[in-house]
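So this block is my_file36.txt, compact mmCIF, C-alpha atoms:
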```
# COMPACT_ATOMS: atom_id res chain seq x y z
CA MET A 1 115.55 109.78 123.80
CA LEU A 2 113.14 110.28 120.95
CA PHE A 3 110.77 113.19 120.21
CA GLY A 4 112.10 114.75 123.44
CA LEU A 5 110.70 111.82 125.45
CA HIS A 6 112.76 109.46 127.58
CA TRP A 7 112.41 105.73 128.00
CA ASP A 8 112.65 103.95 131.30
CA THR A 9 114.93 100.91 131.12
CA SER A 10 115.59 100.47 134.82
CA HIS A 11 112.19 99.58 136.30
CA GLY A 12 111.28 96.41 134.45
CA GLU A 13 109.48 95.54 131.25
CA LEU A 14 106.15 97.12 132.16
CA ALA A 15 107.64 100.51 133.03
CA PHE A 16 109.61 100.35 129.78
CA ALA A 17 106.47 99.57 127.80
CA VAL A 18 104.57 102.42 129.45
CA SER A 19 107.42 104.86 128.83
CA ILE A 20 107.68 104.10 125.11
CA LEU A 21 103.93 104.05 124.43
CA PRO A 22 103.71 107.84 123.79
CA MET A 23 106.52 107.59 121.22
CA LEU A 24 104.79 104.73 119.44
CA LEU A 25 101.56 106.72 119.43
CA ILE A 26 103.36 109.64 117.77
CA GLY A 27 104.58 107.13 115.18
CA MET A 28 101.08 105.77 114.85
CA TRP A 29 99.77 109.21 114.04
CA VAL A 30 102.30 109.45 111.18
CA THR A 31 101.13 106.02 110.01
CA ILE A 32 97.54 107.24 109.94
CA GLU A 33 98.45 110.45 108.13
CA ALA A 34 100.45 108.57 105.51
CA SER A 35 97.60 106.08 104.99
CA ILE A 36 95.00 108.79 104.53
CA LEU A 37 97.15 110.82 102.15
CA GLY A 38 98.14 107.70 100.22
CA PHE A 39 94.50 106.66 100.05
CA PHE A 40 93.40 109.97 98.52
CA VAL A 41 96.25 109.95 96.02
CA ALA A 42 95.27 106.40 95.06
CA MET A 43 91.60 107.39 94.71
CA VAL A 44 92.45 110.22 92.33
CA ILE A 45 95.07 108.42 90.21
CA GLY A 46 92.99 105.24 90.28
CA LEU A 47 89.98 107.07 88.87
CA GLY A 48 92.19 108.61 86.19
CA LEU A 49 93.52 105.19 85.19
CA ALA A 50 90.01 103.74 85.19
CA VAL A 51 88.75 106.48 82.87
CA LEU A 52 91.72 106.04 80.54
CA LYS A 53 91.25 102.27 80.48
CA GLY A 54 87.66 102.80 79.41
CA ALA A 55 88.64 105.16 76.60
CA ARG A 56 87.44 104.41 73.11
CA LEU A 57 90.86 105.07 71.55
CA ARG A 58 93.19 102.13 71.67
CA ILE A 59 96.23 104.40 71.85
CA VAL A 60 94.90 105.73 75.16
CA ARG A 61 93.51 102.48 76.49
CA TRP A 62 96.50 100.21 75.96
CA PRO A 63 99.17 102.32 77.67
CA ALA A 64 96.81 102.77 80.63
CA MET A 65 96.33 99.00 80.84
CA PHE A 66 100.07 98.42 80.61
CA VAL A 67 100.81 100.99 83.30
CA THR A 68 98.24 99.40 85.63
CA GLU A 69 99.70 95.94 85.08
CA PHE A 70 103.23 97.21 85.55
CA ILE A 71 102.42 98.96 88.82
CA ARG A 72 100.55 95.90 90.10
CA ASP A 73 103.40 93.53 89.31
CA THR A 74 106.29 95.44 90.88
CA PRO A 75 107.04 95.79 94.61
CA LEU A 76 106.10 98.91 96.54
CA LEU A 77 109.58 98.99 98.07
CA VAL A 78 111.29 99.26 94.69
CA GLN A 79 108.77 101.81 93.44
CA LEU A 80 109.43 103.84 96.55
CA PHE A 81 113.20 103.70 96.05
CA PHE A 82 112.66 104.64 92.42
CA LEU A 83 110.65 107.74 93.34
CA TYR A 84 112.94 108.66 96.21
CA TYR A 85 116.20 108.46 94.28
CA VAL A 86 115.14 109.14 90.69
CA LEU A 87 112.79 112.10 91.05
CA PRO A 88 115.54 114.35 92.54
CA ASP A 89 117.68 113.59 89.46
CA TYR A 90 114.98 115.34 87.45
CA GLY A 91 114.74 118.27 89.83
CA ILE A 92 111.69 117.10 91.77
CA VAL A 93 112.68 117.09 95.43
CA LEU A 94 109.90 116.00 97.76
CA PRO A 95 110.13 115.37 101.50
CA ALA A 96 110.36 111.68 102.39
CA PHE A 97 106.83 111.64 103.80
CA LEU A 98 105.30 112.98 100.58
CA THR A 99 107.37 110.63 98.42
CA GLY A 100 106.16 107.76 100.57
CA ALA A 101 102.52 108.78 100.38
CA LEU A 102 102.90 109.20 96.62
CA ALA A 103 104.41 105.72 96.28
CA LEU A 104 101.56 104.22 98.32
CA GLY A 105 99.07 106.15 96.21
CA ILE A 106 100.57 104.97 92.93
CA GLN A 107 100.76 101.34 94.03
CA TYR A 108 97.15 101.25 95.18
CA SER A 109 95.82 103.33 92.28
CA ALA A 110 96.41 100.29 90.10
CA TYR A 111 94.26 98.11 92.34
CA MET A 112 91.62 100.80 92.76
CA SER A 113 91.34 101.46 89.03
CA GLU A 114 90.04 97.89 88.63
CA VAL A 115 87.45 98.53 91.32
CA TYR A 116 86.35 101.78 89.66
CA ARG A 117 86.08 100.02 86.30
CA ALA A 118 83.81 97.38 87.78
CA GLY A 119 81.70 100.11 89.40
CA ILE A 120 81.43 102.14 86.19
CA GLU A 121 80.52 99.09 84.13
CA ALA A 122 77.87 98.13 86.68
CA VAL A 123 75.90 101.35 86.11
CA ASP A 124 72.64 100.48 84.37
CA HIS A 125 72.96 101.02 80.64
CA GLY A 126 69.47 102.52 80.53
CA GLN A 127 70.85 105.50 82.44
CA ILE A 128 73.31 106.24 79.66
CA GLU A 129 70.64 105.77 77.01
CA ALA A 130 68.34 108.15 78.87
CA ALA A 131 71.13 110.72 79.03
CA LYS A 132 71.67 110.31 75.29
CA ALA A 133 67.95 110.72 74.65
CA LEU A 134 68.04 113.95 76.63
CA ASP A 135 70.94 115.06 74.43
CA LEU A 136 73.38 115.33 77.31
CA PRO A 137 76.97 115.63 76.08
CA GLY A 138 79.14 112.56 76.62
CA ARG A 139 81.37 114.17 79.18
CA ARG A 140 78.49 115.41 81.31
CA THR A 141 76.85 112.00 81.13
CA PHE A 142 80.02 110.55 82.60
CA THR A 143 80.59 113.11 85.34
CA HIS A 144 76.97 113.72 86.32
CA ILE A 145 75.20 110.42 85.63
CA VAL A 146 77.69 107.55 85.64
CA LEU A 147 80.22 108.59 88.29
CA PRO A 148 77.74 109.62 91.02
CA GLN A 149 76.17 106.17 90.74
CA ALA A 150 79.43 104.27 90.40
CA VAL A 151 81.39 105.83 93.25
CA PRO A 152 79.13 104.99 96.23
CA ARG A 153 79.03 101.38 95.07
CA VAL A 154 82.80 101.05 95.02
CA VAL A 155 83.52 102.89 98.27
CA PRO A 156 83.38 99.77 100.51
CA ALA A 157 85.78 97.94 98.20
CA LEU A 158 88.05 100.99 98.15
CA GLY A 159 87.82 101.18 101.92
CA ASN A 160 89.29 97.72 102.25
CA TYR A 161 92.35 99.03 100.43
CA MET A 162 92.63 101.69 103.14
CA VAL A 163 93.35 98.88 105.60
CA SER A 164 95.91 97.37 103.22
CA ILE A 165 97.59 100.73 102.74
CA MET A 166 97.89 101.07 106.50
CA LYS A 167 99.72 97.76 106.65
CA ASP A 168 102.11 98.89 103.90
CA VAL A 169 103.06 102.16 105.59
CA PRO A 170 106.00 100.56 107.50
CA VAL A 171 107.75 100.21 104.12
CA LEU A 172 108.10 104.00 104.24
CA SER A 173 110.54 103.59 107.11
CA VAL A 174 113.27 102.79 104.55
CA VAL A 175 113.21 106.40 103.37
CA THR A 176 113.45 107.72 106.96
CA VAL A 177 109.73 108.33 107.56
CA LEU A 178 109.25 108.09 111.33
CA GLU A 179 106.14 105.90 111.31
CA MET A 180 105.28 103.41 114.02
CA LEU A 181 107.64 100.57 113.01
CA ASN A 182 110.55 102.92 112.48
CA VAL A 183 110.03 104.40 115.95
CA ALA A 184 110.02 100.89 117.45
CA LYS A 185 113.14 99.98 115.50
CA ILE A 186 114.98 103.07 116.75
CA ILE A 187 113.96 102.33 120.34
CA GLY A 188 115.17 98.75 119.88
CA ASP A 189 118.47 99.88 118.33
CA GLN A 190 119.20 102.09 121.31
CA THR A 191 117.94 100.00 124.21
CA PHE A 192 118.86 96.56 122.76
CA ASP A 193 115.31 95.50 123.55
CA TYR A 194 113.40 94.78 120.35
CA LEU A 195 110.90 92.41 121.89
CA VAL A 196 108.79 94.94 123.79
CA PRO A 197 108.55 97.73 121.17
CA LEU A 198 108.04 95.39 118.19
CA SER A 199 105.40 93.36 120.04
CA MET A 200 103.65 96.59 121.00
CA VAL A 201 103.64 97.68 117.36
CA GLY A 202 102.03 94.35 116.48
CA GLY A 203 99.34 94.89 119.10
CA LEU A 204 98.74 98.50 118.07
CA TYR A 205 98.43 97.38 114.46
CA MET A 206 95.78 94.84 115.40
CA ILE A 207 93.80 97.61 117.12
CA LEU A 208 94.32 100.01 114.22
CA THR A 209 93.17 97.58 111.53
CA LEU A 210 90.17 96.50 113.62
CA ILE A 211 89.06 100.13 114.02
CA ALA A 212 89.71 100.89 110.36
CA SER A 213 87.68 97.91 109.14
CA GLY A 214 84.93 98.92 111.57
CA ILE A 215 84.84 102.40 110.02
CA VAL A 216 84.76 100.93 106.51
CA ARG A 217 81.78 98.76 107.46
CA TRP A 218 80.02 101.75 109.05
CA VAL A 219 80.53 103.88 105.92
CA ASP A 220 79.23 101.01 103.82
CA VAL A 221 76.01 100.93 105.84
CA LYS A 222 75.58 104.72 105.88
CA LEU A 223 76.25 105.36 102.22
CA PRO A 224 73.26 105.95 99.93
CA LYS A 225 72.88 102.76 97.91
CA ARG A 226 71.37 104.31 94.80
CA GLY A 227 73.96 106.99 94.19
CA LEU A 228 74.76 110.51 95.27
CA ALA A 229 72.46 113.36 94.30
CA LEU A 230 74.52 115.94 92.46
CA ARG A 231 73.21 119.43 91.95
CA MET B 1 129.57 101.78 83.53
CA THR B 2 127.01 100.62 81.02
CA TRP B 3 123.75 99.08 82.04
CA THR B 4 124.76 95.59 80.90
CA GLN B 5 127.31 95.41 83.69
CA TYR B 6 124.58 95.71 86.29
CA LEU B 7 122.95 92.56 84.98
CA GLY B 8 125.43 90.17 86.64
CA PRO B 9 124.84 91.18 90.26
CA LEU B 10 121.16 91.81 89.58
CA SER B 11 120.57 88.34 88.20
CA GLN B 12 122.27 86.87 91.28
CA GLY B 13 119.78 88.85 93.34
CA ALA B 14 116.92 87.76 91.11
CA TRP B 15 117.86 84.12 91.70
CA VAL B 16 117.63 84.68 95.46
CA THR B 17 114.23 86.33 94.93
CA VAL B 18 113.05 83.33 92.91
CA GLN B 19 114.13 80.88 95.62
CA LEU B 20 112.60 83.02 98.34
CA THR B 21 109.33 83.23 96.42
CA PHE B 22 109.33 79.48 95.76
CA TRP B 23 109.88 78.34 99.33
CA SER B 24 107.63 80.91 100.95
CA THR B 25 104.83 80.16 98.48
CA ILE B 26 105.14 76.44 99.27
CA LEU B 27 105.04 77.18 103.00
CA GLY B 28 102.17 79.62 102.46
CA ALA B 29 100.17 77.08 100.47
CA PHE B 30 100.63 74.48 103.18
CA LEU B 31 99.56 76.93 105.90
CA SER B 32 96.60 78.12 103.80
CA PHE B 33 95.17 74.63 103.69
CA ALA B 34 96.02 73.88 107.31
CA ALA B 35 94.41 77.07 108.67
CA GLY B 36 91.61 77.25 106.10
CA ILE B 37 90.49 73.70 106.85
CA GLY B 38 91.24 74.26 110.54
CA LYS B 39 88.90 77.23 110.68
CA LEU B 40 86.05 74.94 109.61
CA SER B 41 87.10 72.12 111.93
CA PRO B 42 84.50 70.60 114.27
CA VAL B 43 87.15 70.66 117.04
CA ARG B 44 86.95 73.96 118.90
CA GLY B 45 90.65 74.13 119.83
CA VAL B 46 91.76 73.70 116.21
CA ARG B 47 89.21 76.29 115.07
CA TRP B 48 90.38 78.89 117.58
CA LEU B 49 94.03 78.27 116.81
CA SER B 50 93.37 78.79 113.09
CA ILE B 51 91.30 81.92 113.67
CA THR B 52 93.99 83.41 115.94
CA TYR B 53 96.70 82.69 113.39
CA ILE B 54 94.68 84.19 110.52
CA GLU B 55 93.64 87.31 112.44
CA VAL B 56 97.12 88.04 113.83
CA PHE B 57 98.88 87.73 110.49
CA ARG B 58 96.19 89.53 108.50
CA GLY B 59 95.79 92.22 111.14
CA THR B 60 99.40 93.30 111.31
CA SER B 61 101.90 94.49 108.78
CA LEU B 62 104.22 92.04 106.99
CA LEU B 63 107.24 94.20 107.72
CA VAL B 64 106.34 94.21 111.42
CA GLN B 65 106.12 90.41 111.32
CA LEU B 66 109.45 90.16 109.52
CA PHE B 67 111.19 92.45 112.00
CA TRP B 68 109.57 90.67 114.91
CA LEU B 69 110.86 87.28 113.77
CA TYR B 70 114.31 88.64 113.01
CA PHE B 71 114.89 91.08 115.88
CA ALA B 72 112.45 90.26 118.68
CA LEU B 73 112.26 86.46 118.55
CA PRO B 74 115.94 85.92 119.51
CA ILE B 75 115.41 88.08 122.61
CA MET B 76 112.40 86.04 123.59
CA GLY B 77 114.48 82.93 123.01
CA ASP B 78 117.20 84.23 125.31
CA ALA B 79 114.63 84.91 128.02
CA ILE B 80 113.46 81.30 128.01
CA GLY B 81 116.88 79.85 127.32
CA ILE B 82 116.48 78.64 123.72
CA ASN B 83 118.49 79.86 120.78
CA LEU B 84 115.94 81.32 118.38
CA ARG B 85 118.39 83.33 116.29
CA LEU B 86 117.10 82.76 112.78
CA PRO B 87 119.37 83.28 109.78
CA PRO B 88 117.90 85.96 107.44
CA VAL B 89 116.79 83.36 104.88
CA ALA B 90 114.82 81.42 107.48
CA ALA B 91 113.24 84.55 108.95
CA GLY B 92 112.36 85.77 105.45
CA VAL B 93 110.78 82.51 104.27
CA LEU B 94 108.97 82.08 107.57
CA ALA B 95 107.55 85.62 107.69
CA LEU B 96 106.51 85.61 104.03
CA GLY B 97 105.00 82.13 104.26
CA LEU B 98 103.13 82.87 107.49
CA ASN B 99 101.79 86.12 106.07
CA ILE B 100 100.63 84.82 102.70
CA GLY B 101 99.32 81.65 104.38
CA ALA B 102 96.92 83.72 106.49
CA TYR B 103 95.49 85.39 103.38
CA GLY B 104 95.38 82.06 101.56
CA ALA B 105 93.53 80.45 104.47
CA GLU B 106 90.57 82.74 103.90
CA VAL B 107 90.57 81.75 100.22
CA VAL B 108 90.60 78.05 101.14
CA ARG B 109 87.84 78.51 103.69
CA GLY B 110 85.71 80.48 101.24
CA ALA B 111 86.12 77.91 98.48
CA ILE B 112 85.29 74.97 100.75
CA GLN B 113 82.20 76.76 102.01
CA ALA B 114 81.18 77.54 98.44
CA VAL B 115 80.92 73.85 97.53
CA SER B 116 77.21 73.25 97.15
CA LYS B 117 75.37 72.01 100.17
CA GLN B 118 73.88 69.03 98.38
CA GLN B 119 77.37 67.63 97.93
CA TYR B 120 77.84 67.50 101.69
CA GLU B 121 74.36 66.09 102.19
CA ALA B 122 75.02 63.39 99.61
CA ALA B 123 78.31 62.53 101.30
CA LYS B 124 76.52 62.29 104.61
CA ALA B 125 73.76 60.15 103.12
CA MET B 126 76.41 57.77 101.83
CA ASN B 127 77.93 57.63 105.29
CA PHE B 128 81.27 59.19 104.30
CA THR B 129 83.53 60.06 107.22
CA TYR B 130 84.55 63.69 107.84
CA ARG B 131 87.99 63.11 106.36
CA HIS B 132 86.62 61.25 103.38
CA THR B 133 84.13 64.04 102.65
CA LEU B 134 86.86 66.65 102.89
CA TRP B 135 89.43 64.88 100.70
CA ARG B 136 87.20 63.14 98.19
CA VAL B 137 84.25 65.51 97.86
CA ALA B 138 84.97 69.05 99.07
CA LEU B 139 88.61 69.72 98.18
CA PRO B 140 88.63 68.37 94.59
CA GLN B 141 85.78 70.75 93.80
CA ALA B 142 87.09 73.64 95.87
CA ILE B 143 90.71 73.71 94.69
CA PRO B 144 89.97 74.80 91.09
CA GLU B 145 87.90 77.67 92.52
CA MET B 146 90.82 78.78 94.69
CA MET B 147 93.29 79.04 91.84
CA PRO B 148 92.57 82.58 90.55
CA SER B 149 92.97 83.98 94.08
CA PHE B 150 96.08 81.88 94.64
CA SER B 151 97.60 83.36 91.46
CA ASN B 152 97.08 86.86 92.82
CA LEU B 153 98.55 85.85 96.17
CA ALA B 154 101.60 84.28 94.51
CA VAL B 155 102.34 87.52 92.64
CA GLN B 156 101.71 89.41 95.87
CA ASN B 157 104.21 87.13 97.58
CA LEU B 158 106.81 87.71 94.86
CA LYS B 159 106.46 91.45 95.40
CA ASP B 160 106.63 91.05 99.16
CA THR B 161 109.98 89.25 98.96
CA ALA B 162 111.52 92.66 98.28
CA LEU B 163 110.94 93.46 101.96
CA ALA B 164 113.35 90.67 102.92
CA SER B 165 116.16 92.89 101.64
CA LEU B 166 115.58 94.95 104.79
CA ILE B 167 116.88 92.11 106.97
CA SER B 168 120.07 91.99 104.86
CA LEU B 169 118.98 89.15 102.59
CA GLY B 170 120.78 89.47 99.24
CA ASP B 171 117.74 89.48 96.98
CA LEU B 172 117.06 91.61 93.91
CA ALA B 173 115.99 94.70 95.86
CA PHE B 174 119.08 94.37 98.07
CA LYS B 175 121.45 94.14 95.11
CA ALA B 176 119.74 97.15 93.57
CA GLU B 177 120.34 99.15 96.71
CA GLN B 178 124.00 98.07 96.77
CA LEU B 179 124.54 99.04 93.13
CA ARG B 180 122.85 102.38 93.67
CA ASN B 181 125.03 103.10 96.67
CA TYR B 182 128.14 102.24 94.71
CA TYR B 183 127.48 103.80 91.30
CA GLN B 184 124.89 106.48 92.16
CA ASP B 185 123.08 105.57 88.94
CA SER B 186 119.63 105.17 90.41
CA THR B 187 117.56 105.69 87.25
CA THR B 188 119.20 102.85 85.30
CA VAL B 189 119.44 100.44 88.22
CA TYR B 190 115.88 100.85 89.41
CA THR B 191 114.44 100.79 85.90
CA ILE B 192 116.15 97.45 85.26
CA VAL B 193 115.03 96.12 88.63
CA LEU B 194 111.41 97.15 88.08
CA LEU B 195 111.46 95.44 84.68
CA MET B 196 112.98 92.30 86.20
CA TYR B 197 110.26 92.11 88.85
CA PHE B 198 107.67 92.71 86.15
CA GLY B 199 109.12 89.88 84.06
CA MET B 200 109.21 87.50 87.00
CA ALA B 201 105.61 88.35 87.86
CA LEU B 202 104.51 87.64 84.29
CA VAL B 203 106.30 84.27 84.31
CA LEU B 204 104.75 83.44 87.67
CA SER B 205 101.28 84.35 86.37
CA VAL B 206 101.78 82.04 83.39
CA LEU B 207 102.94 79.20 85.66
CA MET B 208 99.94 79.69 87.93
CA ARG B 209 97.63 79.65 84.91
CA LEU B 210 99.16 76.33 83.82
CA LEU B 211 98.60 74.97 87.31
CA GLU B 212 95.04 76.29 87.21
CA ALA B 213 94.38 74.50 83.93
CA ASN B 214 95.92 71.36 85.39
CA VAL B 215 93.72 71.22 88.50
CA GLY B 216 90.70 72.28 86.44
CA ARG B 217 90.14 68.63 85.56
CA TRP B 218 89.09 67.98 89.18
CA ARG B 219 86.07 70.14 88.64
CA GLY B 220 82.93 68.06 88.59
CA ALA B 221 80.82 67.81 85.45
CA ARG B 222 79.03 71.08 84.91
CA ARG B 223 75.32 71.06 84.95
```
Since I need it in another form, could you write the structure as structure tokens?
Amino acid sequence: MLFGLHWDTSHGELAFAVSILPMLLIGMWVTIEASILGFFVAMVIGLGLAVLKGARLRIVRWPAMFVTEFIRDTPLLVQLFFLYYVLPDYGIVLPAFLTGALALGIQYSAYMSEVYRAGIEAVDHGQIEAAKALDLPGRRTFTHIVLPQAVPRVVPALGNYMVSIMKDVPVLSVVTVLEMLNVAKIIGDQTFDYLVPLSMVGGLYMILTLIASGIVRWVDVKLPKRGLALR
Amino acid sequence: MTWTQYLGPLSQGAWVTVQLTFWSTILGAFLSFAAGIGKLSPVRGVRWLSITYIEVFRGTSLLVQLFWLYFALPIMGDAIGINLRLPPVAAGVLALGLNIGAYGAEVVRGAIQAVSKQQYEAAKAMNFTYRHTLWRVALPQAIPEMMPSFSNLAVQNLKDTALASLISLGDLAFKAEQLRNYYQDSTTVYTIVLLMYFGMALVLSVLMRLLEANVGRWRGARR
């Protein structure tokens, strides 16, 4: 029994598959929630890292570059364990789900910061010169001229990371998050049948990633190509 | 317990990680070329097989694949009367290699398609066979272009080996978990482990750059 639902092990494989589908769908919902939360964390931290890496001061730029490289070169699993076991030692106790989403966000922020950088550098230099000619302060040039033009351009590339994040969510099962794979594993542990639940998770993942990449492509088409109008 | 005493067990784990990375990268490289070339094959069956392989392994999660090979495959084997119980090392290398191979296949396909069209036309004009064109014209020009992506994938693969600890393979992440359980000194253990992974990734990047420089000589004369 899981989530108050029962599985049917006495009427063949198909009945078993049908009986565990609702449980896997509950797990899938957790997977989606974790991906979305992780994605937003990554978007925010990634932008922060990108801005720091573009800073004029070397003392700001270099640590940001080192941090990005360090995050990119170490496994998500170990980062997750680090957050899960080390943060409580310093008095920060987060639920497993939030720790997991944070770990996903941190891991992908490093990748996304590179995408942001490319987007920011691709903004036409004439725009910045025009802002300077109009005597706009540097900070407002960045937030009101550069970013609104950079962000729409990088969204499709960021969206592809959404699909990758989704595929990394099962790692969160190691800190007891009940996402889709963990649900399947528990069902397998208790019914001694891993084949059906794990194969179903594989199939559901195929569907999930297909839909997600479809959405990313749709957003890419819908997004204004020349930048967002900010008021 | 000082931090130096963790280094013994951790370096044992790191050695397992290195071996795991090595073998799965070799397997992945082989599969990348097989499926990447297969996807462009004139034979429909080969093309479909390659596309199915690439889509299945890119469309699902690595951990799902790993668990499937380790937990579900033996049950399928029992059902058809074959023993498919893989030892953790085999399941780990297989899952990692299959996964990274699917990503690598797209790199191989892209690079082969990026070889300029005139090269293929010239090969055709000179009556080269399909195999001859592939081995003597397309691949020598395409491989140098694949190398930067392959470097990223190799580092990705190194990081992914940590997941093999979840099927009780004694790699670096596994040893870290054991030490943490035993000494409850998570900050020190995980800091060392993160640094070790970082170091291994840097070494791997350097090795891949050497390889990149080495195959760079295949690049045709630049116009």
Can you write out as JSON lines which residues of chain A fall within 6 Å of chain B, alongside each residue's closest atom pair and its distance in Å to one decimal, counting all atoms listed in the file and ordering rows by chain and ascending residue number?
```
{"residue": "A:Asp73", "atom": "CA", "partner": "B:Phe198", "partner_atom": "CA", "distance": 5.4}
{"residue": "A:Thr74", "atom": "CA", "partner": "B:Tyr197", "partner_atom": "CA", "distance": 5.6}
{"residue": "A:Pro75", "atom": "CA", "partner": "B:Lys159", "partner_atom": "CA", "distance": 4.4}
{"residue": "A:Phe82", "atom": "CA", "partner": "B:Tyr190", "partner_atom": "CA", "distance": 5.8}
{"residue": "A:Val86", "atom": "CA", "partner": "B:Thr187", "partner_atom": "CA", "distance": 5.4}
{"residue": "A:Lys167", "atom": "CA", "partner": "B:Ser61", "partner_atom": "CA", "distance": 4.5}
{"residue": "A:Tyr194", "atom": "CA", "partner": "B:Ala72", "partner_atom": "CA", "distance": 4.9}
{"residue": "A:Leu195", "atom": "CA", "partner": "B:Ala72", "partner_atom": "CA", "distance": 4.2}
{"residue": "A:Leu198", "atom": "CA", "partner": "B:Trp68", "partner_atom": "CA", "distance": 5.9}
{"residue": "A:Gly202", "atom": "CA", "partner": "B:Thr60", "partner_atom": "CA", "distance": 5.9}
{"residue": "A:Tyr205", "atom": "CA", "partner": "B:Thr60", "partner_atom": "CA", "distance": 5.2}
{"residue": "A:Met206", "atom": "CA", "partner": "B:Gly59", "partner_atom": "CA", "distance": 5.0}
{"residue": "A:Thr209", "atom": "CA", "partner": "B:Gly59", "partner_atom": "CA", "distance": 6.0}
```
Exercise for the section: Please identify all polymer residues within 12 Å of Asn214 in chain B, counting all atoms listed in the file, omitting same-chain residues fewer than 5 positions from it, and present them as a VMD selection string. Expected result: chain B and resid 143 to 144 147 207 to 209 219
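Distance-wise, CA of Phe97 in chain A and CA of Tyr85 in chain A end up 13.7 Å apart.
CA of Tyr108 in chain A is found 23.6 Å from CA of Ile59 in chain A.
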Range 45-48 of chain A: which residues within 7 Å, counting only C-alpha atoms, same-chain residues fewer than 5 positions away excluded, as a PDB file with C-alpha atoms, in the coordinates of the input?
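The file below, selection06.pdb, is the result:
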```pdb
ATOM      1  CA  SER A 109      95.820 103.330  92.280  1.00  0.00           C
ATOM      2  CA  ALA A 110      96.410 100.290  90.100  1.00  0.00           C
ATOM      3  CA  MET A 112      91.620 100.800  92.760  1.00  0.00           C
ATOM      4  CA  SER A 113      91.340 101.460  89.030  1.00  0.00           C
ATOM      5  CA  TYR A 116      86.350 101.780  89.660  1.00  0.00           C
TER       6      TYR A 116
END
```
Problem - Length of the CA of Ala91 in chain B to CA of Ile167 in chain B vector [Å] - result: 8.6 Å
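In this comparison, which uses all atoms listed in the file, the residue of B:Tyr183, B:Tyr130, B:Trp218, B:Tyr103 approaching Ser164 in chain A most closely is B:Tyr103.
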Handout entry: Selection near Ala111 in chain B, 7 Å with only C-alpha atoms, sequence-local residues under 6 positions removed, as a PyMOL selection string
Key = chain B and resi 142+145-146
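With distances restricted to only C-alpha atoms, A:Pro152 is the closest residue to Pro224 in chain A from A:Pro152, A:Gly159, A:Pro137, A:Gly91.
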May I ask you to restore N, CA and C atoms in range 46-59 of chain B and write the result as an mmCIF file, in the frame of the given file?
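Heads up, here's the output in part-v9.cif:
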```cif
data_model
loop_
_atom_site.group_PDB
_atom_site.id
_atom_site.type_symbol
_atom_site.label_atom_id
_atom_site.label_comp_id
_atom_site.auth_asym_id
_atom_site.auth_seq_id
_atom_site.Cartn_x
_atom_site.Cartn_y
_atom_site.Cartn_z
ATOM 1 N N VAL B 46 91.158 73.522 117.536
ATOM 2 C CA VAL B 46 91.760 73.700 116.210
ATOM 3 C C VAL B 46 91.184 74.949 115.550
ATOM 4 N N ARG B 47 89.876 75.141 115.698
ATOM 5 C CA ARG B 47 89.210 76.290 115.070
ATOM 6 C C ARG B 47 89.781 77.590 115.640
ATOM 7 N N TRP B 48 89.887 77.666 116.950
ATOM 8 C CA TRP B 48 90.380 78.890 117.580
ATOM 9 C C TRP B 48 91.833 79.169 117.214
ATOM 10 N N LEU B 49 92.630 78.098 117.187
ATOM 11 C CA LEU B 49 94.030 78.270 116.810
ATOM 12 C C LEU B 49 94.132 78.851 115.404
ATOM 13 N N SER B 50 93.340 78.306 114.479
ATOM 14 C CA SER B 50 93.370 78.790 113.090
ATOM 15 C C SER B 50 92.922 80.231 113.014
ATOM 16 N N ILE B 51 91.823 80.560 113.733
ATOM 17 C CA ILE B 51 91.300 81.920 113.670
ATOM 18 C C ILE B 51 92.341 82.902 114.232
ATOM 19 N N THR B 52 92.969 82.525 115.355
ATOM 20 C CA THR B 52 93.990 83.410 115.940
ATOM 21 C C THR B 52 95.116 83.647 114.952
ATOM 22 N N TYR B 53 95.615 82.559 114.359
ATOM 23 C CA TYR B 53 96.700 82.690 113.390
ATOM 24 C C TYR B 53 96.301 83.625 112.250
ATOM 25 N N ILE B 54 95.118 83.396 111.679
ATOM 26 C CA ILE B 54 94.680 84.190 110.520
ATOM 27 C C ILE B 54 94.544 85.659 110.918
ATOM 28 N N GLU B 55 93.892 85.922 112.054
ATOM 29 C CA GLU B 55 93.640 87.310 112.440
ATOM 30 C C GLU B 55 94.941 88.046 112.770
ATOM 31 N N VAL B 56 95.866 87.367 113.461
ATOM 32 C CA VAL B 56 97.120 88.040 113.830
ATOM 33 C C VAL B 56 97.921 88.394 112.569
ATOM 34 N N PHE B 57 98.023 87.461 111.635
ATOM 35 C CA PHE B 57 98.880 87.730 110.490
ATOM 36 C C PHE B 57 98.205 88.575 109.426
ATOM 37 N N ARG B 58 96.862 88.612 109.414
ATOM 38 C CA ARG B 58 96.190 89.530 108.500
ATOM 39 C C ARG B 58 96.027 90.906 109.131
ATOM 40 N N GLY B 59 96.047 90.954 110.450
ATOM 41 C CA GLY B 59 95.790 92.220 111.140
ATOM 42 C C GLY B 59 97.012 93.083 111.323
#
```
